[in-house]
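To keep things clear, I will list the structure first and then write my remarks on it.
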Amino acid sequence: MTESASRKILAANWKMHGSKAMLGAYVARLKPVEAVELVLFPPVGYLGLAAELIGKMAPFVALGAQDTHERETGAFTGETSAAMIADLGGRYVIVGHSERRRYAHESDERIAEKAVAAFRAGLQPVVCVGETLEERTAGMAQTVVKRQLEAVAKALPSADYARLIVAYEPVWAIGTGRSATSAQVEEMHAFIRQARESALGSRTLSTVLYGGSVSENSAPGFFNLGSVDGALVGGAALDAERFVRIAELLRTAKC
Ligand code: PEP
């Protein structure tokens with residue numbers, strides 16, 4: 001049986017926001033939150049500085065990059081490899097964020113290659129999956145998420161697929177202030193777990209996060225669902241105090 005423990009994770013996706021000054025002020029306000037792993041995803045250019053600033057908080061606060069290139073090295077101007085992310089102090093990497101799928105036209109297959117590259121470099125990939133509003137309205141939400149997961153399952157050895165962190169991020173809920181309902185999240189998370197178990201042919205306890213307009217107000221509704229292990233937070237995570245407050249809600253939640 002392939003099992004990997006699920007754990008409570010709260011991740012901050014800064015997207016293309018921040019500065020050296022903001023990073024310094026942010027890290028100074030961060031507090032470790034018992035039993036919750038905080039993961040910061042600043043722009044990759046700030047990763048080395050973030051690693052220095054985090055210093056002694058490293059066991060409680062991990063770092064990651066928002067994307068990686070799938071190749072190890074080469075003539076790919078402007079790109080960053082997974083090994084470079086690790087070299088800068090990153091332990092995680094987001095792959096397949098809907099903004100990458102949309103603006104960089106990343107295919108399911110390319111995203112899967114990025115997940116492979118992440119594991120090869122010793123990073124923990126967080127693969128984002130989720131449907132657009134049109135796809136949900138057309139009753140295609142599960143079909144889309146299944147297709148996105150299957151591409152990754154095909155590319156990864158099963159031991160890595162079992163360890164993959166999945167973030168369910170409905171595209172229509174990202175940065176819109178309109179989060180999914182608890183029922184929609186519960187249903188999709190159950191679907192994701194079941195799709196993974198049938199691909200693996202075994203039980204897996206791996207981590208599934210929700211993302212999409214998570215705030216102090218909406219977080220408890222998700223964190224108290226048994227199927228949600230934490231969240232990937234964008235806008236609300238740009239403020240360290242808000243991020244820590246959401247982490248406290250995760251700590252006390254029953255998930
Ligand atoms: C995200 O960037 O992954 C995200 C979920 O953003 P927001 O929380 O702002 O919707």
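By convention in this document, the chains of the structure tokens carry letters A, B, ... by their order, each chain's residues are numbered from 1, and ligands are numbered from 1 in the order they are shown.
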
Please check which protein, DNA or RNA residues sit within 9 Å of ligand 1, counting only C-alpha atoms and all ligand atoms, and write them as JSON, numbers by chain.
-> {"A": [11, 12, 13, 14, 15, 97, 98, 99, 128, 167, 169, 170, 171, 172, 173, 174, 175, 176, 177, 178, 179, 210, 211, 212, 213, 214, 215, 231, 232, 233, 234, 235, 236, 237]}

Wanna dump the stretch 4-42 of chain A-stretch 54-61 of chain A contacts at 12 Å for me, each residue with its shortest atom pair and the distance in Å to one decimal, counting only C-alpha atoms, ordered by chain and number, as CSV?
residue,atom,partner,partner_atom,distance
A:Lys8,CA,A:Phe60,CA,11.7
A:Ile9,CA,A:Val61,CA,10.1
A:Leu10,CA,A:Val61,CA,9.8
A:Ala11,CA,A:Val61,CA,9.7
A:Ala12,CA,A:Val61,CA,10.7
A:Leu23,CA,A:Ile54,CA,10.0
A:Gly24,CA,A:Ile54,CA,9.3
A:Ala25,CA,A:Ile54,CA,11.5
A:Tyr26,CA,A:Ile54,CA,10.2
A:Val27,CA,A:Ile54,CA,6.6
A:Ala28,CA,A:Ile54,CA,8.7
A:Arg29,CA,A:Ile54,CA,11.0
A:Leu30,CA,A:Val61,CA,8.8
A:Lys31,CA,A:Met57,CA,8.4
A:Pro32,CA,A:Phe60,CA,5.7
A:Val33,CA,A:Phe60,CA,7.5
A:Glu34,CA,A:Phe60,CA,8.3
A:Ala35,CA,A:Phe60,CA,8.8
A:Val36,CA,A:Phe60,CA,7.7
A:Glu37,CA,A:Phe60,CA,5.8
A:Leu38,CA,A:Val61,CA,4.8
A:Val39,CA,A:Val61,CA,5.6
A:Leu40,CA,A:Val61,CA,7.3
A:Phe41,CA,A:Val61,CA,10.8

Residue list (helix (DSSP H, G or I), DSSP) for stretch 28-238 of chain A, as a PyMOL selection string = chain A and resi 28-29+44-57+82-87+98-103+108-120+133-137+141-155+158-163+171-173+182-200+219-223+235-238

Spatial neighbours of stretch 140-153 of chain A, 8 Å, only C-alpha atoms, chain gap at least 5 places, as a list in words |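 Surrounding residues, per the criterion: Asp108, Glu109, Ile111, Ala112, Glu113, Ala115, Val129, Gly130, Glu131, Thr132, Glu135, Ser158, Tyr161, Met188, Phe191, Ile192, Ala195, Arg196 and Ala199 of chain A.
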
Residue nearest A:Gly96 - candidates A:Gln66, A:Ser206, A:Ser218, A:Thr77, atoms counted: only C-alpha atoms =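 Result for the nearest residue to A:Gly96: A:Gln66.
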
Using only C-alpha atoms, which residues sit within 10 Å of A:Gly45 once same-chain residues fewer than 3 positions away are excluded, as a CSV table (one decimal) with all heavy atoms, in the first residue's frame?
chain,number,residue,atom,x,y,z
A,19,SER,N,8.9,43.3,-2.7
A,19,SER,CA,10.1,44.1,-2.8
A,19,SER,C,11.0,43.6,-1.7
A,19,SER,O,10.6,42.9,-0.8
A,19,SER,CB,9.9,45.6,-2.7
A,19,SER,OG,9.4,45.8,-1.4
A,20,LYS,N,12.3,44.0,-1.7
A,20,LYS,CA,13.2,43.6,-0.6
A,20,LYS,C,12.6,44.1,0.7
A,20,LYS,O,12.6,43.4,1.7
A,20,LYS,CB,14.6,44.1,-0.8
A,20,LYS,CG,15.3,43.4,-1.9
A,20,LYS,CD,16.8,43.6,-1.9
A,20,LYS,CE,17.1,45.0,-2.4
A,20,LYS,NZ,18.6,45.3,-2.5
A,42,PRO,N,7.6,33.6,-2.7
A,42,PRO,CA,7.8,35.0,-3.3
A,42,PRO,C,8.2,34.9,-4.7
A,42,PRO,O,8.5,33.8,-5.2
A,42,PRO,CB,8.9,35.5,-2.4
A,42,PRO,CG,9.7,34.3,-2.0
A,42,PRO,CD,8.7,33.1,-1.9
A,48,GLY,N,16.5,33.8,-2.5
A,48,GLY,CA,17.8,33.7,-1.8
A,48,GLY,C,17.7,34.6,-0.5
A,48,GLY,O,18.1,34.2,0.6
A,49,LEU,N,17.2,35.8,-0.7
A,49,LEU,CA,17.1,36.8,0.4
A,49,LEU,C,16.1,36.2,1.4
A,49,LEU,O,16.3,36.3,2.6
A,49,LEU,CB,16.6,38.1,-0.1
A,49,LEU,CG,16.3,39.2,1.0
A,49,LEU,CD1,17.6,39.5,1.8
A,49,LEU,CD2,15.8,40.5,0.3
A,50,ALA,N,15.0,35.7,0.9
A,50,ALA,CA,14.0,35.1,1.8
A,50,ALA,C,14.6,34.0,2.7
A,50,ALA,O,14.4,33.9,3.9
A,50,ALA,CB,12.8,34.5,1.0
A,65,ALA,N,9.1,28.2,-5.1
A,65,ALA,CA,9.0,29.1,-6.2
A,65,ALA,C,7.7,28.9,-6.9
A,65,ALA,O,7.0,27.9,-6.7
A,65,ALA,CB,10.1,28.8,-7.2
A,80,THR,N,14.2,29.4,-14.9
A,80,THR,CA,14.8,29.0,-13.6
A,80,THR,C,14.6,27.5,-13.5
A,80,THR,O,13.4,27.1,-13.6
A,80,THR,CB,14.2,29.7,-12.4
A,80,THR,OG1,14.3,31.1,-12.7
A,80,THR,CG2,15.0,29.4,-11.2
A,85,ILE,N,16.2,26.5,-7.9
A,85,ILE,CA,15.3,26.8,-6.9
A,85,ILE,C,15.8,26.2,-5.6
A,85,ILE,O,15.8,26.8,-4.5
A,85,ILE,CB,13.9,26.4,-7.2
A,85,ILE,CG1,13.4,27.2,-8.4
A,85,ILE,CG2,12.9,26.5,-6.0
A,85,ILE,CD1,12.1,26.6,-9.1
A,88,LEU,N,18.7,27.9,-4.2
A,88,LEU,CA,18.4,29.2,-3.5
A,88,LEU,C,17.7,29.0,-2.2
A,88,LEU,O,17.3,30.0,-1.5
A,88,LEU,CB,17.5,30.0,-4.5
A,88,LEU,CG,18.1,30.7,-5.7
A,88,LEU,CD1,17.1,31.2,-6.7
A,88,LEU,CD2,19.0,31.8,-5.2

What lies within 6 Å of A:Pro125 using only C-alpha atoms, ignoring chain neighbours under 2 positions off, as number ranges by chain?
-> A: 92-94, 115, 118

Any chance you could export the current selection's C-alpha atoms as a short mmCIF file (atom, residue, chain, number, x, y, z; two decimals), in the first residue's frame?
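Final output, result.cif:
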data_model
loop_
_atom_site.label_atom_id
_atom_site.label_comp_id
_atom_site.auth_asym_id
_atom_site.auth_seq_id
_atom_site.Cartn_x
_atom_site.Cartn_y
_atom_site.Cartn_z
CA TYR A 92 8.60 23.57 -2.82
CA VAL A 93 7.49 24.62 -6.28
CA ILE A 94 4.05 25.43 -7.66
CA ALA A 115 6.42 18.07 -11.71
CA ALA A 118 10.74 19.18 -9.37
#

Might you pull out every residue within 8 Å of A:Val116, with only C-alpha atoms counted and same-chain residues fewer than 5 positions away left off, and present them as a compact mmCIF listing (two decimals) with N, CA and C atoms, in the first residue's frame?
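Contents of around-v3.txt, as written:
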# COMPACT_ATOMS: atom_id res chain seq x y z
N GLU A 70 11.11 22.89 -17.00
CA GLU A 70 11.15 21.42 -16.93
C GLU A 70 12.53 20.83 -17.22
N ALA A 155 3.10 10.86 -16.12
CA ALA A 155 4.52 11.25 -16.19
C ALA A 155 5.34 10.84 -14.97
N LEU A 156 4.66 10.70 -13.83
CA LEU A 156 5.41 10.45 -12.59
C LEU A 156 5.43 8.98 -12.21

Per DSSP on the backbone, what are the strand (DSSP E or B) residues of stretch 25-179 of chain A, as a PyMOL selection string?
-> chain A and resi 37-41+61-65+69+81+92-95+124-129+165-168

I need the residues from that last selection saved to file as a PDB file, in the first residue's frame (with C-alpha atoms), if you can.
ATOM      1  CA  GLU A  37       3.696  24.316   7.838  1.00  0.00           C
ATOM      2  CA  LEU A  38       3.848  27.841   6.407  1.00  0.00           C
ATOM      3  CA  VAL A  39       5.210  27.979   2.871  1.00  0.00           C
ATOM      4  CA  LEU A  40       6.102  31.260   1.196  1.00  0.00           C
ATOM      5  CA  PHE A  41       6.238  31.561  -2.568  1.00  0.00           C
ATOM      6  CA  VAL A  61       8.486  28.333   7.440  1.00  0.00           C
ATOM      7  CA  ALA A  62       9.469  26.794   4.134  1.00  0.00           C
ATOM      8  CA  LEU A  63      10.098  28.491   0.818  1.00  0.00           C
ATOM      9  CA  GLY A  64       9.187  27.724  -2.733  1.00  0.00           C
ATOM     10  CA  ALA A  65       9.025  29.112  -6.244  1.00  0.00           C
ATOM     11  CA  HIS A  69      11.360  25.117 -16.112  1.00  0.00           C
ATOM     12  CA  SER A  81      15.429  25.275 -13.164  1.00  0.00           C
ATOM     13  CA  TYR A  92       8.599  23.568  -2.825  1.00  0.00           C
ATOM     14  CA  VAL A  93       7.490  24.625  -6.283  1.00  0.00           C
ATOM     15  CA  ILE A  94       4.052  25.431  -7.663  1.00  0.00           C
ATOM     16  CA  VAL A  95       3.392  23.989 -11.100  1.00  0.00           C
ATOM     17  CA  GLN A 124       8.044  19.081  -3.421  1.00  0.00           C
ATOM     18  CA  PRO A 125       5.742  20.083  -6.290  1.00  0.00           C
ATOM     19  CA  VAL A 126       2.326  21.565  -5.617  1.00  0.00           C
ATOM     20  CA  VAL A 127       0.267  20.936  -8.738  1.00  0.00           C
ATOM     21  CA  CYS A 128      -2.679  23.265  -9.278  1.00  0.00           C
ATOM     22  CA  VAL A 129      -5.784  21.907 -10.951  1.00  0.00           C
ATOM     23  CA  ILE A 165       0.526  17.891  -3.238  1.00  0.00           C
ATOM     24  CA  VAL A 166      -2.542  18.908  -5.236  1.00  0.00           C
ATOM     25  CA  ALA A 167      -4.130  22.343  -4.916  1.00  0.00           C
ATOM     26  CA  TYR A 168      -7.692  22.519  -6.176  1.00  0.00           C
TER      27      TYR A 168
END

Atom pair atom CA of A:Ala180 / atom CA of A:Phe222: separation (Å) |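 Spanning atom CA of A:Ala180 to atom CA of A:Phe222 is a straight-line distance of 9.3 Å.
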